[in-house]
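Participant: Structure provided below as C-alpha cells; questions to follow.
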Amino acid sequence: MLVSATEMLNKAVAGKYAVGQFNINNLEWTKAILTTAQENNSPVILGVSEGAGKYMTGFKTVAAMVKAMIEELNITVPVALHLDHGSYDGCYKCIEAGFSSVMFDGSHFPIDENVAKTQELVKVCHEKGISIEAEVGSIGGEEDGVVGAGEIADPQECKKIADLGVDFLAAGIGNIHGKYPENWKGLDFDALAKIKELIGDLPLVLHGGTGIPADMIKTAISLGVAKINVNTECQLYFQEATRKYIEAGKDLEGKGFDPRKLLAPGTEAIKVIVKEKMELFGSINKA
Ligand SMILES: [Zn+2]
C-alpha cells in the first residue's frame, strides 16, 4: 500500500535497520522492486529523480503507474513513492501528482534560503500527509547534472533544518553518488555521531549507497541511518544481465527479440540486487 515514509523510517530507527530507497526508471524497474519487497515482506521506498520523472513523461504518469501496480500486484507491504533530489517546483508537482513523499534538495541554496523554502514545504506536505526529506551538505558525485563535492554536513546546520519539522534528513558524510573512486576516504563516522547527537531520533538518510562496503553500511545504521538510497547498482546489474543476453545471441534465437524477453534478464537482476540490499539493511520481514 502507498504510504508516506515517516512511520516506516521511525520504526527503522527504533529497530536499528534501514529501508532501501531504490530509484525507478520504467515499468520493469518498478515491478522488480515492488515484487521483491512483497516477497521479502520488506517496506520499500521508490525513488524518482526529476530526470526519471521527465523520462517517464511526468510525475502524474509515475504516480498513476505505481498506484495501479500496487493494486494489480496485491502489494501489501508499505511503499512510499518519493521524489529524489527535488527542486522547489518539482516538489509541488509531485505533491499535486500524488507522491507520498518528497525530498527538497535545497543544499545548493544559502542556508537561510534553504531554511525558508524547507519550512514552507514542510507545512504543505504535512497538511497532505506527505513525508519530506531535506538535505544539508551536498552529496558528492553527479546526479541529474548537479555535481556536489561530497561535503561533510555541519551538525549545527543539520539541527537547524531538523528543527523545521522535516521527517528525515540527508546529511553529507563523505558519501557520493555513482561509483566511488579508488582513493575514497570512506564515511566520516565522527561527523555522523555529532549530527546524531544533535538531532536525536530523526531518521538519517545515506545517499549514494552503491559501493559503500557492508561494514560501513552497518556502522552507519547503528548511528541512526534509517534510509539508504540505491540507484547506480540496479543500473549496473540491469546493464550486465542485458549485455550477457545479447552477447550470448539470445535475442537472435526464436522470439528472443520480444521486448518482454529482452528485458527479462535485466529485470531479474534488479530483483537479485534489491534483495541483497534488503538483507544488508535488515529490512526483511519488517513490513
Ligand atoms: Zn542522492
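Residues are named by chain letter and number: chains run A, B, ... in the order of the C-alpha cells, numbers start at 1 in each chain, and ligands are numbered from 1 in the order shown.
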Give as an mmCIF file with C-alpha atoms, in the first residue's frame the residues surrounding ligand 1 up to a distance of 9 Å, considering only C-alpha atoms and all ligand atoms.
Facilitator:
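As a result, part-v3.cif now contains:
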```
data_model
loop_
_atom_site.group_PDB
_atom_site.id
_atom_site.type_symbol
_atom_site.label_atom_id
_atom_site.label_comp_id
_atom_site.auth_asym_id
_atom_site.auth_seq_id
_atom_site.Cartn_x
_atom_site.Cartn_y
_atom_site.Cartn_z
ATOM 1 C CA SER A 49 14.607 11.735 -9.758
ATOM 2 C CA ASP A 84 14.592 12.219 -5.092
ATOM 3 C CA HIS A 85 16.570 15.498 -5.004
ATOM 4 C CA SER A 138 25.804 18.449 -0.715
ATOM 5 C CA ILE A 139 26.346 14.803 -1.613
ATOM 6 C CA GLY A 140 29.339 14.328 -3.905
ATOM 7 C CA GLU A 142 26.809 13.731 -10.177
ATOM 8 C CA GLU A 143 23.035 13.361 -10.112
ATOM 9 C CA ALA A 170 20.124 13.601 4.366
ATOM 10 C CA ILE A 176 28.901 10.390 -3.133
ATOM 11 C CA HIS A 177 26.569 9.420 -5.962
ATOM 12 C CA LEU A 206 22.509 7.942 3.346
ATOM 13 C CA HIS A 207 22.661 8.822 -0.336
ATOM 14 C CA GLY A 208 24.992 7.105 -2.774
ATOM 15 C CA GLY A 209 24.559 3.606 -1.339
ATOM 16 C CA ASN A 229 19.470 5.275 -1.394
ATOM 17 C CA VAL A 230 20.481 2.776 -4.060
ATOM 18 C CA ASN A 231 20.396 3.743 -7.704
#
```
Participant: For Ile33 of chain A, find every residue with an atom within 9 Å (counting only C-alpha atoms), except residues of its own chain fewer than 6 positions away, and show them as a VMD selection string.
Facilitator: chain A and resid 22 24 44 46 270 to 271 274 to 275
Participant: How would the residues just picked look written out with C-alpha atoms as a short mmCIF file (atom, residue, chain, number, x, y, z; two decimals), in the first residue's frame?
Facilitator:
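So selection_10.cif came out as:
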```
data_model
loop_
_atom_site.label_atom_id
_atom_site.label_comp_id
_atom_site.auth_asym_id
_atom_site.auth_seq_id
_atom_site.Cartn_x
_atom_site.Cartn_y
_atom_site.Cartn_z
CA PHE A 22 15.53 2.16 -4.95
CA ILE A 24 12.85 3.62 -10.69
CA VAL A 44 10.35 -0.04 0.43
CA LEU A 46 10.59 4.02 -4.71
CA ILE A 270 17.42 -5.95 -10.32
CA LYS A 271 15.44 -8.31 -8.09
CA VAL A 274 17.40 -5.34 -4.32
CA LYS A 275 17.03 -8.48 -2.19
#
```
Participant: Would you mind listing what lies within 8 Å of Thr76 of chain A as a VMD selection string, with only C-alpha atoms counted and same-chain residues fewer than 4 positions away left out?
Facilitator: chain A and resid 1 38 70
Participant: May I have the selected residues written with C-alpha atoms, as a PDB file, in the first residue's frame?
Facilitator:
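Final output, selection_7.pdb:
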```
ATOM      1  CA  MET A   1       0.000   0.000   0.000  1.00  0.00           C
ATOM      2  CA  GLN A  38       6.493  -8.103  -1.239  1.00  0.00           C
ATOM      3  CA  ILE A  70       0.442  -1.790  -6.127  1.00  0.00           C
TER       4      ILE A  70
END
```
Participant: What's around Asp154 of chain A at 9 Å? Count only C-alpha atoms, leave out sequence neighbours fewer than 6 positions away in its own chain, and write the answer as a PDB file with C-alpha atoms, in the first residue's frame.
Facilitator:
```pdb
ATOM      1  CA  VAL A 136      22.391  19.535   4.407  1.00  0.00           C
ATOM      2  CA  GLY A 137      25.880  19.449   2.917  1.00  0.00           C
ATOM      3  CA  ALA A 171      23.458  14.726   5.722  1.00  0.00           C
ATOM      4  CA  GLY A 172      26.628  14.552   3.689  1.00  0.00           C
ATOM      5  CA  ALA A 191      30.619  13.648  11.794  1.00  0.00           C
ATOM      6  CA  ILE A 195      24.919  15.019  13.878  1.00  0.00           C
TER       7      ILE A 195
END
```
Participant: To test your reading of the structure, identify every residue in segment 179-281 of chain A that backbone DSSP assigns to strand (DSSP E), and report it as a ChimeraX atom specification.
Facilitator: /A:204-206,225-230
Participant: Which residue, A:Cys91, A:Cys234, A:Leu27, A:Ala18, has the smallest gap to Ile217 of chain A when you use only C-alpha atoms?
Facilitator: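 Nearest to Ile217 of chain A: A:Ala18.
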Participant: Using only C-alpha atoms, what table do you get, as JSON lines, when you list each residue of segment 3-64 of chain A with an atom no more than 8 Å from segment 277-285 of chain A, its nearest pair of atoms, and their distance in Å rounded to one decimal, rows by chain then rising number?
Facilitator:
```
{"residue": "A:Ala12", "atom": "CA", "partner": "A:Ser283", "partner_atom": "CA", "distance": 7.9}
{"residue": "A:Tyr17", "atom": "CA", "partner": "A:Gly282", "partner_atom": "CA", "distance": 5.1}
{"residue": "A:Ala18", "atom": "CA", "partner": "A:Phe281", "partner_atom": "CA", "distance": 5.0}
{"residue": "A:Val19", "atom": "CA", "partner": "A:Ser283", "partner_atom": "CA", "distance": 5.8}
{"residue": "A:Gly20", "atom": "CA", "partner": "A:Met278", "partner_atom": "CA", "distance": 6.7}
{"residue": "A:Asn40", "atom": "CA", "partner": "A:Ile284", "partner_atom": "CA", "distance": 5.5}
{"residue": "A:Asn41", "atom": "CA", "partner": "A:Asn285", "partner_atom": "CA", "distance": 4.6}
{"residue": "A:Ser42", "atom": "CA", "partner": "A:Ile284", "partner_atom": "CA", "distance": 4.7}
{"residue": "A:Pro43", "atom": "CA", "partner": "A:Ser283", "partner_atom": "CA", "distance": 6.9}
```
Participant: Residues of segment 120-184 of chain A classed as alpha helix (DSSP H) by DSSP on the backbone are to be reported as a list in words.
Facilitator: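 The alpha helix (DSSP H) subset of segment 120-184 of chain A is Glu120, Leu121, Val122, Lys123, Val124, Cys125, His126, Glu127, Pro155, Gln156, Glu157, Cys158, Lys159, Lys160, Ile161 and Ala162 of chain A.
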Participant: Take the residues just selected and output them with N, CA and C atoms as a PDB file, in the first residue's frame.
Facilitator:
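As a result, part-v1.pdb now contains:
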```
ATOM      1  N   GLU A 120       8.436  26.126   4.374  1.00  0.00           N
ATOM      2  CA  GLU A 120       7.192  26.242   3.616  1.00  0.00           C
ATOM      3  C   GLU A 120       6.733  24.868   3.125  1.00  0.00           C
ATOM      4  N   LEU A 121       7.671  24.100   2.580  1.00  0.00           N
ATOM      5  CA  LEU A 121       7.308  22.793   2.022  1.00  0.00           C
ATOM      6  C   LEU A 121       6.907  21.801   3.114  1.00  0.00           C
ATOM      7  N   VAL A 122       7.522  21.893   4.281  1.00  0.00           N
ATOM      8  CA  VAL A 122       7.158  21.017   5.404  1.00  0.00           C
ATOM      9  C   VAL A 122       5.672  21.213   5.721  1.00  0.00           C
ATOM     10  N   LYS A 123       5.266  22.471   5.760  1.00  0.00           N
ATOM     11  CA  LYS A 123       3.877  22.793   6.100  1.00  0.00           C
ATOM     12  C   LYS A 123       2.918  22.213   5.050  1.00  0.00           C
ATOM     13  N   VAL A 124       3.225  22.464   3.788  1.00  0.00           N
ATOM     14  CA  VAL A 124       2.363  21.987   2.701  1.00  0.00           C
ATOM     15  C   VAL A 124       2.289  20.458   2.702  1.00  0.00           C
ATOM     16  N   CYS A 125       3.431  19.804   2.841  1.00  0.00           N
ATOM     17  CA  CYS A 125       3.469  18.334   2.824  1.00  0.00           C
ATOM     18  C   CYS A 125       2.671  17.763   3.985  1.00  0.00           C
ATOM     19  N   HIS A 126       2.898  18.295   5.178  1.00  0.00           N
ATOM     20  CA  HIS A 126       2.254  17.710   6.354  1.00  0.00           C
ATOM     21  C   HIS A 126       0.746  17.902   6.351  1.00  0.00           C
ATOM     22  N   GLU A 127       0.281  18.971   5.727  1.00  0.00           N
ATOM     23  CA  GLU A 127      -1.169  19.155   5.591  1.00  0.00           C
ATOM     24  C   GLU A 127      -1.781  18.032   4.756  1.00  0.00           C
ATOM     25  N   PRO A 155      27.004  19.926  11.642  1.00  0.00           N
ATOM     26  CA  PRO A 155      25.984  19.422  12.576  1.00  0.00           C
ATOM     27  C   PRO A 155      24.996  20.502  13.029  1.00  0.00           C
ATOM     28  N   GLN A 156      25.481  21.733  13.205  1.00  0.00           N
ATOM     29  CA  GLN A 156      24.569  22.814  13.634  1.00  0.00           C
ATOM     30  C   GLN A 156      23.537  23.130  12.557  1.00  0.00           C
ATOM     31  N   GLU A 157      23.981  23.088  11.288  1.00  0.00           N
ATOM     32  CA  GLU A 157      23.034  23.311  10.180  1.00  0.00           C
ATOM     33  C   GLU A 157      22.026  22.163  10.112  1.00  0.00           C
ATOM     34  N   CYS A 158      22.484  20.957  10.388  1.00  0.00           N
ATOM     35  CA  CYS A 158      21.581  19.791  10.410  1.00  0.00           C
ATOM     36  C   CYS A 158      20.495  20.001  11.457  1.00  0.00           C
ATOM     37  N   LYS A 159      20.925  20.471  12.622  1.00  0.00           N
ATOM     38  CA  LYS A 159      19.981  20.720  13.728  1.00  0.00           C
ATOM     39  C   LYS A 159      18.951  21.778  13.316  1.00  0.00           C
ATOM     40  N   LYS A 160      19.448  22.814  12.640  1.00  0.00           N
ATOM     41  CA  LYS A 160      18.581  23.917  12.207  1.00  0.00           C
ATOM     42  C   LYS A 160      17.493  23.415  11.245  1.00  0.00           C
ATOM     43  N   ILE A 161      17.889  22.573  10.304  1.00  0.00           N
ATOM     44  CA  ILE A 161      16.930  22.029   9.334  1.00  0.00           C
ATOM     45  C   ILE A 161      16.030  20.988  10.005  1.00  0.00           C
ATOM     46  N   ALA A 162      16.606  20.173  10.862  1.00  0.00           N
ATOM     47  CA  ALA A 162      15.819  19.143  11.563  1.00  0.00           C
ATOM     48  C   ALA A 162      14.696  19.799  12.362  1.00  0.00           C
TER      49      ALA A 162
END
```
Participant: Name the residues in contact with Asp201 of chain A at a cut-off of 10 Å, using only C-alpha atoms, excluding same-chain residues fewer than 2 positions from it; report them as a list in words.
Facilitator: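 The residues satisfying every condition are Asn10, Val13, Ala14, Phe168, Lys196, Glu197, Leu198, Ile199, Pro203, Leu204, Gly224 and Val225 of chain A.
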Participant: Find the distance between atom CA of Glu71 of chain A and atom CA of Ala241 of chain A and write it in Å to one decimal.
Facilitator: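 Interatomic distance here is 28.5 Å.
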Participant: Excluding Asp188 of chain A and any residue of its chain fewer than 3 positions from it, enumerate the residues within 12 Å of it, using only C-alpha atoms, and give them as a VMD selection string.
Facilitator: chain A and resid 150 to 153 171 to 175 184 to 185 191 to 195 206 216 to 217 219 to 220 223
Participant: What does the structure give for the distance between atom CA of Val166 of chain A and atom CA of Glu133 of chain A, in Å to one decimal?
Facilitator: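 It comes out at 5.9 Å.
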Participant: Could you tell me how far atom CA of Gly200 of chain A lies from atom CA of Val115 of chain A, in Å and to one decimal?
Facilitator: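 Going from atom CA of Gly200 of chain A over to atom CA of Val115 of chain A covers 19.3 Å.
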Participant: Can you work out which one of A:Ile212, A:Glu113, A:Val3, A:Tyr88 has the shortest atom-to-atom distance to Val66 of chain A, counting only C-alpha atoms?
Facilitator: A:Val3
Participant: Counting only C-alpha atoms, figure out which residue out of A:Lys255, A:Gln239, A:Ser87, A:Gly186 gets nearest to Ala214 of chain A.
Facilitator: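 Distance minimum relative to Ala214 of chain A lands on A:Gly186.
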Participant: Quick one: of A:Asn26, A:Phe109, A:Gly211, A:Leu164, who's nearest to Glu182 of chain A, counting only C-alpha atoms?
Facilitator: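 Closest to Glu182 of chain A of all the choices is A:Gly211.
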